[in-house]
file data.tsv (TSV, C-alpha atoms)
chain	number	residue	atom	x	y	z
Y	29	MET	CA	27.40	0.97	0.43
Y	30	ALA	CA	27.42	-0.43	3.96
Y	31	PHE	CA	24.40	1.71	4.72
Y	32	PHE	CA	22.63	0.25	1.69
Y	33	LYS	CA	22.89	-3.26	3.19
Y	34	LYS	CA	21.35	-1.98	6.44
Y	35	PHE	CA	18.68	-0.21	4.39
Y	36	ILE	CA	17.72	-3.40	2.51
Y	37	ASP	CA	17.88	-5.54	5.67
Y	38	LYS	CA	15.54	-3.15	7.50
Y	39	ILE	CA	13.01	-3.30	4.72
Y	40	CYS	CA	13.22	-7.07	4.34
Y	41	ASP	CA	12.72	-7.55	8.10
Y	42	ASP	CA	9.61	-5.36	8.18
Y	43	ASP	CA	6.75	-6.57	5.99
Y	44	SER	CA	4.88	-3.31	6.56
Y	45	SER	CA	7.58	-1.23	4.92
Y	46	LYS	CA	8.31	-3.04	1.68
Y	47	GLY	CA	6.84	-0.20	-0.30
Y	48	SER	CA	4.45	-0.26	-3.20
Y	49	LYS	CA	6.84	-1.89	-5.66
Y	50	GLY	CA	5.54	-5.22	-6.81
Y	51	ARG	CA	2.22	-4.75	-5.01
Y	52	PRO	CA	-1.13	-3.54	-6.37
Y	53	VAL	CA	-1.33	0.20	-6.86
Y	54	GLU	CA	-2.61	1.89	-3.70
Y	55	THR	CA	-5.48	4.30	-4.08
Y	56	ALA	CA	-5.30	5.90	-0.62
Y	57	TYR	CA	-3.92	9.43	-0.33
Y	58	PHE	CA	-0.55	9.69	1.44
Y	59	GLY	CA	0.14	13.38	0.98
Y	60	THR	CA	0.14	15.80	3.90
Y	61	VAL	CA	-1.25	18.77	1.97
Y	62	LYS	CA	-4.89	18.56	0.93
Y	63	PRO	CA	-7.14	20.95	-1.00
Y	64	ASP	CA	-8.89	23.57	1.13
Y	65	PRO	CA	-12.62	22.70	1.00
Y	66	ASN	CA	-13.52	26.39	1.45
Y	67	PHE	CA	-11.09	27.62	-1.17
Y	68	ASN	CA	-11.56	31.04	-2.77
Y	69	ALA	CA	-8.75	32.13	-5.08
Y	70	GLN	CA	-9.70	35.83	-5.05
Y	71	ASN	CA	-9.81	35.97	-1.25
Y	72	ASP	CA	-6.45	34.21	-0.96
Y	73	ALA	CA	-4.89	36.52	-3.54
Y	74	GLU	CA	-6.11	39.51	-1.55
Y	75	LYS	CA	-4.72	38.06	1.69
Y	76	LEU	CA	-1.34	37.59	0.06
Y	77	LYS	CA	-1.37	41.11	-1.37
Y	78	LYS	CA	-1.99	42.56	2.09
Y	79	ALA	CA	0.63	40.29	3.64
Y	80	ILE	CA	3.25	41.40	1.11
Y	81	GLU	CA	2.42	45.10	1.50
Y	82	THR	CA	2.38	44.99	5.31
Y	83	LYS	CA	5.37	46.70	6.89
Y	84	GLY	CA	7.89	43.98	7.62
Y	85	VAL	CA	5.80	41.45	5.64
Y	86	ASP	CA	3.21	39.19	7.24
Y	87	GLU	CA	5.00	35.83	6.86
Y	88	ALA	CA	2.43	34.00	9.00
Y	89	THR	CA	-0.35	34.73	6.51
Y	90	ILE	CA	1.83	33.65	3.61
Y	91	VAL	CA	2.47	30.33	5.36
Y	92	GLU	CA	-1.20	29.90	6.25
Y	93	VAL	CA	-2.35	30.49	2.69
Y	94	LEU	CA	0.27	28.77	0.53
Y	95	ALA	CA	1.20	25.80	2.73
Y	96	LYS	CA	-2.44	24.85	3.32
Y	97	ARG	CA	-3.59	24.86	-0.30
Y	98	SER	CA	-3.07	22.19	-2.92
Y	99	ASN	CA	-0.78	22.88	-5.86
Y	100	ALA	CA	-3.78	23.18	-8.18
Y	101	GLN	CA	-5.31	25.78	-5.86
Y	102	ARG	CA	-2.04	27.73	-5.75
Y	103	GLN	CA	-2.10	27.98	-9.55
Y	104	LEU	CA	-5.55	29.57	-9.33
Y	105	ILE	CA	-4.29	31.98	-6.65
Y	106	LYS	CA	-1.47	33.01	-8.98
Y	107	GLU	CA	-3.99	33.74	-11.74
Y	108	ALA	CA	-6.23	35.72	-9.38
Y	109	TYR	CA	-3.28	37.76	-8.10
Y	110	GLN	CA	-2.11	38.52	-11.64
Y	111	GLN	CA	-5.59	39.67	-12.64
Y	112	SER	CA	-5.97	41.80	-9.52
Y	113	THR	CA	-2.56	43.50	-9.48
Y	114	GLY	CA	-1.24	43.08	-13.00
Y	115	LYS	CA	1.93	41.56	-11.56
Y	116	PRO	CA	3.11	37.96	-11.13
Y	117	LEU	CA	2.73	36.69	-7.56
Y	118	ALA	CA	6.16	35.03	-7.68
Y	119	ASP	CA	7.85	38.35	-8.48
Y	120	ALA	CA	6.10	40.11	-5.61
Y	121	LEU	CA	7.05	37.39	-3.13
Y	122	LYS	CA	10.62	37.29	-4.39
Y	123	LYS	CA	11.01	40.98	-3.60
Y	124	ALA	CA	9.38	40.68	-0.18
Y	125	LEU	CA	11.03	37.52	1.12
Y	126	LYS	CA	14.54	36.18	1.50
Y	127	SER	CA	16.69	33.16	2.28
Y	128	ASP	CA	15.35	29.60	2.64
Y	129	PHE	CA	11.82	30.75	3.41
Y	130	GLU	CA	11.69	32.50	0.04
Y	131	LYS	CA	12.89	29.33	-1.72
Y	132	VAL	CA	10.11	27.23	-0.18
Y	133	VAL	CA	7.41	29.77	-1.06
Y	134	LEU	CA	8.59	30.07	-4.67
Y	135	ALA	CA	8.80	26.28	-4.95
Y	136	LEU	CA	5.19	25.98	-3.77
Y	137	LEU	CA	4.06	28.32	-6.55
Y	138	MET	CA	5.52	26.09	-9.29
Y	139	THR	CA	3.70	23.09	-10.72
Y	140	PRO	CA	5.44	19.76	-9.95
Y	141	PRO	CA	6.96	19.48	-13.48
Y	142	GLU	CA	8.14	23.09	-13.29
Y	143	TYR	CA	9.77	22.50	-9.92
Y	144	ASP	CA	11.51	19.31	-11.09
Y	145	ALA	CA	12.80	21.12	-14.19
Y	146	PHE	CA	13.91	24.08	-12.06
Y	147	GLU	CA	15.86	21.81	-9.71
Y	148	MET	CA	17.41	19.90	-12.63
Y	149	LYS	CA	18.58	23.10	-14.28
Y	150	ARG	CA	19.95	24.43	-11.00
Y	151	ALA	CA	21.87	21.19	-10.45
Y	152	MET	CA	23.51	21.50	-13.86
Y	153	LYS	CA	24.17	25.24	-13.87
Y	154	GLY	CA	27.63	26.73	-13.59
Y	155	LEU	CA	30.83	24.84	-12.83
Y	156	GLY	CA	30.28	21.25	-11.79
Y	157	THR	CA	27.06	19.29	-11.58
Y	158	ASP	CA	25.15	18.04	-8.55
Y	159	GLU	CA	24.60	14.43	-9.64
Y	160	ASN	CA	22.81	13.66	-6.37
Y	161	VAL	CA	19.95	15.94	-7.41
Y	162	LEU	CA	19.83	14.47	-10.92
Y	163	SER	CA	19.73	10.89	-9.67
Y	164	GLU	CA	17.14	11.75	-7.00
Y	165	ILE	CA	14.74	13.31	-9.50
Y	166	LEU	CA	15.25	10.97	-12.45
Y	167	GLY	CA	15.51	7.86	-10.30
Y	168	THR	CA	12.33	8.41	-8.28
Y	169	ARG	CA	9.86	9.98	-10.70
Y	170	SER	CA	7.32	8.01	-12.73
Y	171	ASN	CA	7.31	7.91	-16.53
Y	172	LYS	CA	4.47	10.42	-16.55
Y	173	GLU	CA	6.33	12.79	-14.23
Y	174	ILE	CA	9.57	12.61	-16.25
Y	175	THR	CA	7.69	13.21	-19.50
Y	176	ALA	CA	5.98	16.25	-17.98
Y	177	MET	CA	9.33	17.58	-16.80
Y	178	LYS	CA	10.87	17.07	-20.27
Y	179	ASN	CA	8.00	19.04	-21.79
Y	180	THR	CA	8.51	21.81	-19.25
Y	181	PHE	CA	12.16	22.10	-20.33
Y	182	LYS	CA	11.04	22.56	-23.92
Y	183	GLU	CA	8.30	25.06	-23.03
Y	184	GLY	CA	10.54	27.28	-20.87
Y	185	ASN	CA	11.23	29.77	-23.68
Y	186	ASN	CA	12.36	29.81	-27.29
Y	187	THR	CA	16.05	29.79	-26.38
Y	188	ASP	CA	15.82	27.24	-23.58
Y	189	PRO	CA	17.49	23.94	-24.55
Y	190	ASN	CA	15.69	20.76	-23.66
Y	191	ILE	CA	16.67	18.32	-20.95
Y	192	TYR	CA	18.88	16.23	-23.25
Y	193	MET	CA	21.03	19.22	-24.13
Y	194	TYR	CA	21.35	20.14	-20.46
Y	195	LEU	CA	22.54	16.65	-19.65
Y	196	MET	CA	24.93	16.52	-22.59
Y	197	ASN	CA	26.44	19.88	-21.62
Y	198	ALA	CA	26.54	19.11	-17.90
Y	199	ASP	CA	29.56	17.62	-16.19
Y	200	VAL	CA	27.92	14.27	-15.48
Y	201	CYS	CA	30.74	12.17	-16.95
Y	202	VAL	CA	30.40	8.54	-15.90
Y	203	ALA	CA	26.71	8.74	-15.03
Y	204	ALA	CA	25.64	10.62	-18.18
Y	205	LYS	CA	24.45	7.58	-20.10
Y	206	LEU	CA	22.31	6.36	-17.22
Y	207	PHE	CA	20.73	9.79	-16.79
Y	208	LEU	CA	19.94	10.05	-20.49
Y	209	LEU	CA	18.39	6.60	-20.57
Y	210	LEU	CA	16.26	7.41	-17.56
Y	211	CYS	CA	14.95	10.41	-19.48
Y	212	THR	CA	13.70	8.17	-22.28
Y	213	CYS	CA	11.20	6.59	-19.85
Y	214	HIS	CA	11.39	3.00	-21.07
Y	215	ALA	CA	10.52	1.48	-17.70
Y	216	GLY	CA	6.96	0.40	-18.30
Y	217	VAL	CA	7.21	-3.36	-18.71
Y	218	HIS	CA	5.01	-5.49	-16.44
Y	219	VAL	CA	6.29	-8.39	-14.34
Y	220	ASN	CA	6.45	-11.56	-16.43
Y	221	ALA	CA	8.53	-14.67	-17.13
Y	222	LEU	CA	11.42	-12.57	-18.43
Y	223	THR	CA	12.34	-11.59	-14.87
Y	224	VAL	CA	14.65	-14.57	-14.47
Y	225	CYS	CA	16.43	-13.67	-17.71
Y	226	PHE	CA	17.17	-10.18	-16.43
Y	227	ILE	CA	18.50	-11.56	-13.14
Y	228	GLN	CA	20.79	-13.87	-15.10
Y	229	ALA	CA	21.92	-10.93	-17.24
Y	230	LEU	CA	22.75	-8.89	-14.14
Y	231	PHE	CA	24.68	-11.78	-12.65
Y	232	GLU	CA	26.65	-12.52	-15.83
Y	233	ALA	CA	27.44	-8.85	-16.43
Y	234	GLY	CA	28.54	-8.25	-12.85
Y	235	GLU	CA	29.99	-10.60	-10.27
Y	236	ASN	CA	30.26	-13.62	-12.59
Y	237	ARG	CA	32.96	-11.96	-14.69
Y	238	VAL	CA	36.02	-9.79	-14.26
Y	239	GLY	CA	34.93	-6.21	-14.77
Y	240	THR	CA	31.30	-5.17	-14.74
Y	241	VAL	CA	29.50	-4.63	-18.06
Y	242	CYS	CA	27.79	-1.36	-17.14
Y	243	SER	CA	25.71	-1.28	-20.32
Y	244	VAL	CA	23.85	-4.44	-19.26
Y	245	LEU	CA	23.22	-3.07	-15.78
Y	246	ILE	CA	21.98	0.21	-17.24
Y	247	ASP	CA	19.68	-1.59	-19.67
Y	248	VAL	CA	18.07	-3.70	-16.94
Y	249	LEU	CA	17.61	-0.78	-14.56
Y	250	THR	CA	16.17	1.62	-17.13
Y	251	SER	CA	14.00	-0.74	-19.21
Y	252	ARG	CA	12.11	-2.61	-16.49
Y	253	SER	CA	9.06	-1.55	-14.53
Y	254	GLU	CA	9.48	-0.83	-10.83
Y	255	ALA	CA	7.47	-3.95	-10.01
Y	256	GLN	CA	9.75	-6.06	-12.15
Y	257	LEU	CA	12.87	-4.50	-10.64
Y	258	CYS	CA	11.57	-5.42	-7.21
Y	259	LYS	CA	11.22	-9.06	-8.29
Y	260	ILE	CA	14.69	-9.01	-9.84
Y	261	PHE	CA	16.29	-7.72	-6.65
Y	262	GLN	CA	14.30	-10.14	-4.52
Y	263	TYR	CA	15.34	-13.27	-6.43
Y	264	TYR	CA	18.89	-12.25	-7.31
Y	265	GLY	CA	20.09	-14.45	-4.44
Y	266	ASN	CA	19.05	-17.55	-6.41
Y	267	PHE	CA	21.96	-16.88	-8.76
Y	268	SER	CA	24.44	-15.34	-6.37
Y	269	LYS	CA	25.96	-16.38	-3.06
Y	270	LYS	CA	26.71	-12.73	-2.29
Y	271	GLY	CA	23.24	-11.32	-2.64
Y	272	LEU	CA	22.44	-8.06	-4.42
Y	273	ALA	CA	23.75	-5.64	-1.78
Y	274	LYS	CA	27.23	-7.21	-1.58
Y	275	ALA	CA	27.38	-7.72	-5.34
Y	276	LEU	CA	26.70	-4.06	-6.04
Y	277	GLU	CA	29.10	-3.00	-3.31
Y	278	SER	CA	31.94	-4.95	-4.90
Y	279	GLU	CA	31.20	-4.06	-8.51
Y	280	LEU	CA	30.21	-0.38	-8.53
Y	281	HIS	CA	32.03	2.79	-7.57
Y	282	GLY	CA	31.67	6.56	-7.61
Y	283	LYS	CA	28.88	8.53	-9.23
Y	284	PHE	CA	27.59	5.58	-11.23
Y	285	GLU	CA	27.15	3.64	-7.99
Y	286	ASP	CA	25.14	6.52	-6.51
Y	287	CYS	CA	22.80	6.54	-9.52
Y	288	VAL	CA	22.26	2.80	-9.37
Y	289	MET	CA	21.69	2.88	-5.61
Y	290	THR	CA	18.95	5.46	-6.05
Y	291	LEU	CA	17.15	3.24	-8.56
Y	292	VAL	CA	17.53	0.14	-6.40
Y	293	LYS	CA	16.43	1.80	-3.16
Y	294	SER	CA	13.51	3.47	-4.92
Y	295	ALA	CA	12.32	0.10	-6.21
Y	296	TRP	CA	12.48	-1.43	-2.74
Y	297	ASN	CA	10.89	1.39	-0.77
Y	298	LYS	CA	10.67	4.92	-2.13
Y	299	PRO	CA	9.46	6.59	1.11
Y	300	ALA	CA	12.38	5.00	2.99
Y	301	LEU	CA	14.80	6.35	0.37
Y	302	PHE	CA	13.47	9.87	0.89
Y	303	ALA	CA	13.58	9.41	4.67
Y	304	GLU	CA	17.26	8.49	4.34
Y	305	LYS	CA	17.96	11.55	2.18
Y	306	LEU	CA	16.24	13.82	4.72
Y	307	GLN	CA	18.31	12.33	7.53
Y	308	LEU	CA	21.54	12.86	5.58
Y	309	ALA	CA	20.50	16.44	4.79
Y	310	MET	CA	20.21	17.21	8.52
Y	311	LYS	CA	23.10	15.07	9.76
Y	312	GLY	CA	26.30	16.62	11.11
Y	313	LEU	CA	27.32	20.26	10.96
Y	314	GLY	CA	25.01	22.42	8.88
Y	315	THR	CA	21.81	21.48	7.12
Y	316	ASN	CA	21.34	20.94	3.41
Y	317	THR	CA	18.26	23.12	3.16
Y	318	ASP	CA	18.02	22.66	-0.62
Y	319	THR	CA	17.48	18.92	-0.21
Y	320	LEU	CA	15.17	19.44	2.76
Y	321	THR	CA	13.04	21.90	0.78
Y	322	ARG	CA	13.00	19.87	-2.43
Y	323	ILE	CA	11.85	16.62	-0.82
Y	324	ILE	CA	9.23	18.10	1.50
Y	325	VAL	CA	7.72	20.33	-1.21
Y	326	SER	CA	7.82	17.77	-4.03
Y	327	ARG	CA	6.40	14.90	-1.95
Y	328	SER	CA	3.82	16.89	0.06
Y	329	GLU	CA	0.95	15.78	-2.19
Y	330	ILE	CA	2.31	12.32	-3.01
Y	331	ASP	CA	3.77	10.31	-0.14
Y	332	LEU	CA	5.12	12.65	2.54
Y	333	LEU	CA	2.94	10.94	5.13
Y	334	LYS	CA	4.67	7.63	4.36
Y	335	ILE	CA	8.07	9.33	4.42
Y	336	ILE	CA	7.30	10.71	7.89
Y	337	GLN	CA	6.31	7.23	9.03
Y	338	GLU	CA	9.46	5.67	7.59
Y	339	TYR	CA	11.63	8.36	9.16
Y	340	LYS	CA	10.24	7.58	12.60
Y	341	ARG	CA	10.72	3.85	12.08
Y	342	MET	CA	14.27	4.16	10.75
Y	343	TYR	CA	15.66	6.83	13.10
Y	344	GLY	CA	13.54	6.60	16.25
Y	345	LYS	CA	12.39	10.21	16.13
Y	346	THR	CA	9.86	12.19	14.14
Y	347	LEU	CA	10.77	14.21	11.10
Y	348	GLN	CA	9.14	17.20	12.78
Y	349	GLU	CA	11.49	16.86	15.77
Y	350	ALA	CA	14.48	16.83	13.45
Y	351	ILE	CA	13.22	19.91	11.60
Y	352	LEU	CA	12.69	21.75	14.90
Y	353	LYS	CA	16.27	20.95	15.88
Y	354	GLU	CA	17.94	21.80	12.58
Y	355	THR	CA	15.99	24.81	11.28
Y	356	GLY	CA	14.40	27.96	12.64
Y	357	GLY	CA	12.21	30.99	11.97
Y	358	ASP	CA	9.68	31.16	9.17
Y	359	TYR	CA	11.54	28.45	7.26
Y	360	GLU	CA	10.92	26.04	10.12
Y	361	LYS	CA	7.27	27.06	10.37
Y	362	ILE	CA	6.47	26.50	6.71
Y	363	LEU	CA	8.20	23.10	6.65
Y	364	LEU	CA	6.31	21.97	9.72
Y	365	THR	CA	3.04	23.20	8.22
Y	366	LEU	CA	3.73	21.18	5.06
Y	367	CYS	CA	4.49	18.09	7.19
Y	368	GLY	CA	1.07	18.36	8.82
Y	369	THR	CA	0.02	17.57	12.36
Y	370	GLN	CA	0.99	13.89	12.60
call {"tool": "encode", "arguments": {"input": "data.tsv", "output": "structure tokens"}}
result
Amino acid sequence: MAFFKKFIDKICDDDSSKGSKGRPVETAYFGTVKPDPNFNAQNDAEKLKKAIETKGVDEATIVEVLAKRSNAQRQLIKEAYQQSTGKPLADALKKALKSDFEKVVLALLMTPPEYDAFEMKRAMKGLGTDENVLSEILGTRSNKEITAMKNTFKEGNNTDPNIYMYLMNADVCVAAKLFLLLCTCHAGVHVNALTVCFIQALFEAGENRVGTVCSVLIDVLTSRSEAQLCKIFQYYGNFSKKGLAKALESELHGKFEDCVMTLVKSAWNKPALFAEKLQLAMKGLGTNTDTLTRIIVSRSEIDLLKIIQEYKRMYGKTLQEAILKETGGDYEKILLTLCGTQ
């Protein structure tokens, strides 16, 4: 929680980094991966076929083709490869590649909803549940993105339970209700005069009473638009001497706190939240390559450019420098290619 206060203070002190919450929707493109203007699906499929069949595998060509094409173009490459060879491209690459490099390549072949659903299922599979992954995905995706992911769960196959069943069966305990409410995608209300009422509700349910009423907090966080949440957080100080950061620090604990923090940070500055997660993934002994892969792949056509900028501002070094230090081999090369040449 102490880091959250620093996080909020940094954003409040820097007008250029307040994020898009509460501001007009930006139309500029902030992804690092752009469509290839000279794209030819058949040619790319042939290049990949040769790369896979080459003795020892030609990883450089695989990186050059897949990391420099948009997701829509990769779907066309998959179709062209299937038509040409009669086999799924993902299966061929899975046999030819290994380790973290294989995971990135297979992630690039999925559509964004498929990849989100894949990561959600993986987080809830087996003993225990990775709530950090659940809160990251559900707390940072738009209504449209969550709906598409829900549909992907249902379309997986005839025996594949939907997202609600996964969450009900998963070991999410305290945070389960918040996750399920996030999946209903209520947050679409525009900023209006009700903002002050929601701030009052947060205050009365939290620090103004003994014991926090979590249901009120959950309702506010999951039924308001991101713009409205930004206003709520901004003006919370009018009701509280503590301010939002200290209030949350004193009232919340454990996994539920982590879920709430993701929603709050995302409302303030989503790129900064992802920059923080990338830093934590590479901090200390060992690197959380799953988190590194998931964020870089999933944000490469959305806001990875902004994430890179926030990372430099927050940590005084480039994301590319951190990747060079913490990774190696073909895995390093494909991540750097996805990050672009900034």
call {"tool": "residues_around", "arguments": {"input": "data.tsv", "residues": "stretch 335-344 of chain Y", "least_positions_apart": "5", "cutoff": "6 Å", "atoms": "all atoms listed in the file", "output": "ChimeraX atom specification"}}
result
/Y:299-300,303
call {"tool": "closest_atom_pairs", "arguments": {"input": "data.tsv", "of": "stretch 107-156 of chain Y", "to": "stretch 55-68 of chain Y", "cutoff": "12 Å", "atoms": "only C-alpha atoms", "output": "Markdown table"}}
result
| residue | atom | partner | partner_atom | distance |
| --- | --- | --- | --- | --- |
| Y:Ala108 | CA | Y:Asn68 | CA | 9.7 |
| Y:Tyr109 | CA | Y:Asn68 | CA | 11.9 |
| Y:Leu136 | CA | Y:Val61 | CA | 11.2 |
call {"tool": "closest_residue", "arguments": {"input": "data.tsv", "among": "Y:Glu254, Y:Asp144, Y:Asp128, Y:Asp119", "to": "Y:Thr321", "atoms": "only C-alpha atoms"}}
result
Y:Asp128
call {"tool": "residues_around", "arguments": {"input": "data.tsv", "residues": "Y:Leu94", "least_positions_apart": "2", "cutoff": "12 Å", "atoms": "all atoms listed in the file", "output": "PyMOL selection string"}}
result
chain Y and resi 61-64+67+69+72-73+75-76+79+87-92+96-106+117-118+121+132-138+325+362-363+365-366
call {"tool": "atom_distance", "arguments": {"input": "data.tsv", "atom1": "atom CA of Y:Thr82", "atom2": "atom CA of Y:Gln110"}}
result
18.7 Å
call {"tool": "atom_distance", "arguments": {"input": "data.tsv", "atom1": "atom CA of Y:Ala350", "atom2": "atom CA of Y:Glu147"}}
result
23.7 Å
call {"tool": "atom_distance", "arguments": {"input": "data.tsv", "atom1": "atom CA of Y:Ser112", "atom2": "atom CA of Y:Asn71"}}
result
10.8 Å
call {"tool": "residues_around", "arguments": {"input": "data.tsv", "residues": "Y:Cys287", "least_positions_apart": "3", "cutoff": "6 Å", "atoms": "all atoms listed in the file", "output": "ChimeraX atom specification"}}
result
/Y:163,284,290
call {"tool": "closest_residue", "arguments": {"input": "data.tsv", "among": "Y:Ile351, Y:Ser328, Y:Ser253, Y:Lys123", "to": "Y:Ala309", "atoms": "only C-alpha atoms"}}
result
Y:Ile351
call {"tool": "closest_residue", "arguments": {"input": "data.tsv", "among": "Y:Phe261, Y:Lys77, Y:Ile174, Y:Gln256", "to": "Y:Pro116", "atoms": "only C-alpha atoms"}}
result
Y:Lys77
call {"tool": "residues_near_point", "arguments": {"input": "data.tsv", "point": "(8.6, 5.2, -4.1)", "cutoff": "10 Å", "atoms": "all atoms listed in the file", "output": "ChimeraX atom specification"}}
result
/Y:47-49,167-170,254,291,293-302,330-331,334-335
call {"tool": "closest_residue", "arguments": {"input": "data.tsv", "among": "Y:Glu285, Y:Lys305, Y:Ala151, Y:Lys126", "to": "Y:Gly357", "atoms": "all atoms listed in the file"}}
result
Y:Lys126
call {"tool": "build_atoms", "arguments": {"input": "data.tsv", "residues": "stretch 86-93 of chain Y", "atoms": "all heavy atoms", "output": "PDB file, in the frame of the given file"}}
result
ATOM      1  N   ASP Y  86       3.948  40.095   6.369  1.00  0.00           N
ATOM      2  CA  ASP Y  86       3.210  39.190   7.240  1.00  0.00           C
ATOM      3  C   ASP Y  86       3.479  37.740   6.792  1.00  0.00           C
ATOM      4  O   ASP Y  86       2.711  37.146   6.051  1.00  0.00           O
ATOM      5  CB  ASP Y  86       1.711  39.504   7.165  1.00  0.00           C
ATOM      6  CG  ASP Y  86       0.871  38.634   8.084  1.00  0.00           C
ATOM      7  OD1 ASP Y  86       1.442  37.782   8.782  1.00  0.00           O
ATOM      8  OD2 ASP Y  86      -0.358  38.802   8.086  1.00  0.00           O
ATOM      9  N   GLU Y  87       4.599  37.183   7.268  1.00  0.00           N
ATOM     10  CA  GLU Y  87       5.000  35.830   6.860  1.00  0.00           C
ATOM     11  C   GLU Y  87       3.996  34.771   7.313  1.00  0.00           C
ATOM     12  O   GLU Y  87       3.788  33.766   6.627  1.00  0.00           O
ATOM     13  CB  GLU Y  87       6.386  35.482   7.409  1.00  0.00           C
ATOM     14  CG  GLU Y  87       7.530  36.242   6.773  1.00  0.00           C
ATOM     15  CD  GLU Y  87       7.854  37.534   7.504  1.00  0.00           C
ATOM     16  OE1 GLU Y  87       7.042  37.935   8.380  1.00  0.00           O
ATOM     17  OE2 GLU Y  87       8.906  38.142   7.195  1.00  0.00           O
ATOM     18  N   ALA Y  88       3.376  34.990   8.465  1.00  0.00           N
ATOM     19  CA  ALA Y  88       2.430  34.000   9.000  1.00  0.00           C
ATOM     20  C   ALA Y  88       1.259  33.779   8.044  1.00  0.00           C
ATOM     21  O   ALA Y  88       0.816  32.639   7.832  1.00  0.00           O
ATOM     22  CB  ALA Y  88       1.921  34.449  10.367  1.00  0.00           C
ATOM     23  N   THR Y  89       0.759  34.854   7.460  1.00  0.00           N
ATOM     24  CA  THR Y  89      -0.350  34.730   6.510  1.00  0.00           C
ATOM     25  C   THR Y  89       0.094  34.015   5.244  1.00  0.00           C
ATOM     26  O   THR Y  89      -0.647  33.206   4.677  1.00  0.00           O
ATOM     27  CB  THR Y  89      -0.917  36.119   6.154  1.00  0.00           C
ATOM     28  OG1 THR Y  89      -1.485  36.704   7.330  1.00  0.00           O
ATOM     29  CG2 THR Y  89      -1.988  36.028   5.080  1.00  0.00           C
ATOM     30  N   ILE Y  90       1.298  34.311   4.809  1.00  0.00           N
ATOM     31  CA  ILE Y  90       1.830  33.650   3.610  1.00  0.00           C
ATOM     32  C   ILE Y  90       1.928  32.147   3.837  1.00  0.00           C
ATOM     33  O   ILE Y  90       1.556  31.346   2.971  1.00  0.00           O
ATOM     34  CB  ILE Y  90       3.222  34.230   3.244  1.00  0.00           C
ATOM     35  CG1 ILE Y  90       3.064  35.700   2.806  1.00  0.00           C
ATOM     36  CG2 ILE Y  90       3.888  33.408   2.142  1.00  0.00           C
ATOM     37  CD1 ILE Y  90       4.367  36.429   2.584  1.00  0.00           C
ATOM     38  N   VAL Y  91       2.389  31.751   5.019  1.00  0.00           N
ATOM     39  CA  VAL Y  91       2.470  30.330   5.360  1.00  0.00           C
ATOM     40  C   VAL Y  91       1.065  29.728   5.407  1.00  0.00           C
ATOM     41  O   VAL Y  91       0.807  28.660   4.844  1.00  0.00           O
ATOM     42  CB  VAL Y  91       3.171  30.118   6.717  1.00  0.00           C
ATOM     43  CG1 VAL Y  91       3.049  28.659   7.165  1.00  0.00           C
ATOM     44  CG2 VAL Y  91       4.631  30.539   6.633  1.00  0.00           C
ATOM     45  N   GLU Y  92       0.160  30.402   6.071  1.00  0.00           N
ATOM     46  CA  GLU Y  92      -1.200  29.900   6.250  1.00  0.00           C
ATOM     47  C   GLU Y  92      -1.912  29.700   4.921  1.00  0.00           C
ATOM     48  O   GLU Y  92      -2.666  28.724   4.745  1.00  0.00           O
ATOM     49  CB  GLU Y  92      -2.003  30.886   7.119  1.00  0.00           C
ATOM     50  CG  GLU Y  92      -3.397  30.428   7.487  1.00  0.00           C
ATOM     51  CD  GLU Y  92      -3.420  29.231   8.410  1.00  0.00           C
ATOM     52  OE1 GLU Y  92      -2.411  28.981   9.104  1.00  0.00           O
ATOM     53  OE2 GLU Y  92      -4.451  28.539   8.441  1.00  0.00           O
ATOM     54  N   VAL Y  93      -1.681  30.593   3.985  1.00  0.00           N
ATOM     55  CA  VAL Y  93      -2.350  30.490   2.690  1.00  0.00           C
ATOM     56  C   VAL Y  93      -1.682  29.446   1.792  1.00  0.00           C
ATOM     57  O   VAL Y  93      -2.319  28.485   1.339  1.00  0.00           O
ATOM     58  CB  VAL Y  93      -2.392  31.856   1.973  1.00  0.00           C
ATOM     59  CG1 VAL Y  93      -2.919  31.686   0.538  1.00  0.00           C
ATOM     60  CG2 VAL Y  93      -3.271  32.825   2.743  1.00  0.00           C
TER      61      VAL Y  93
END
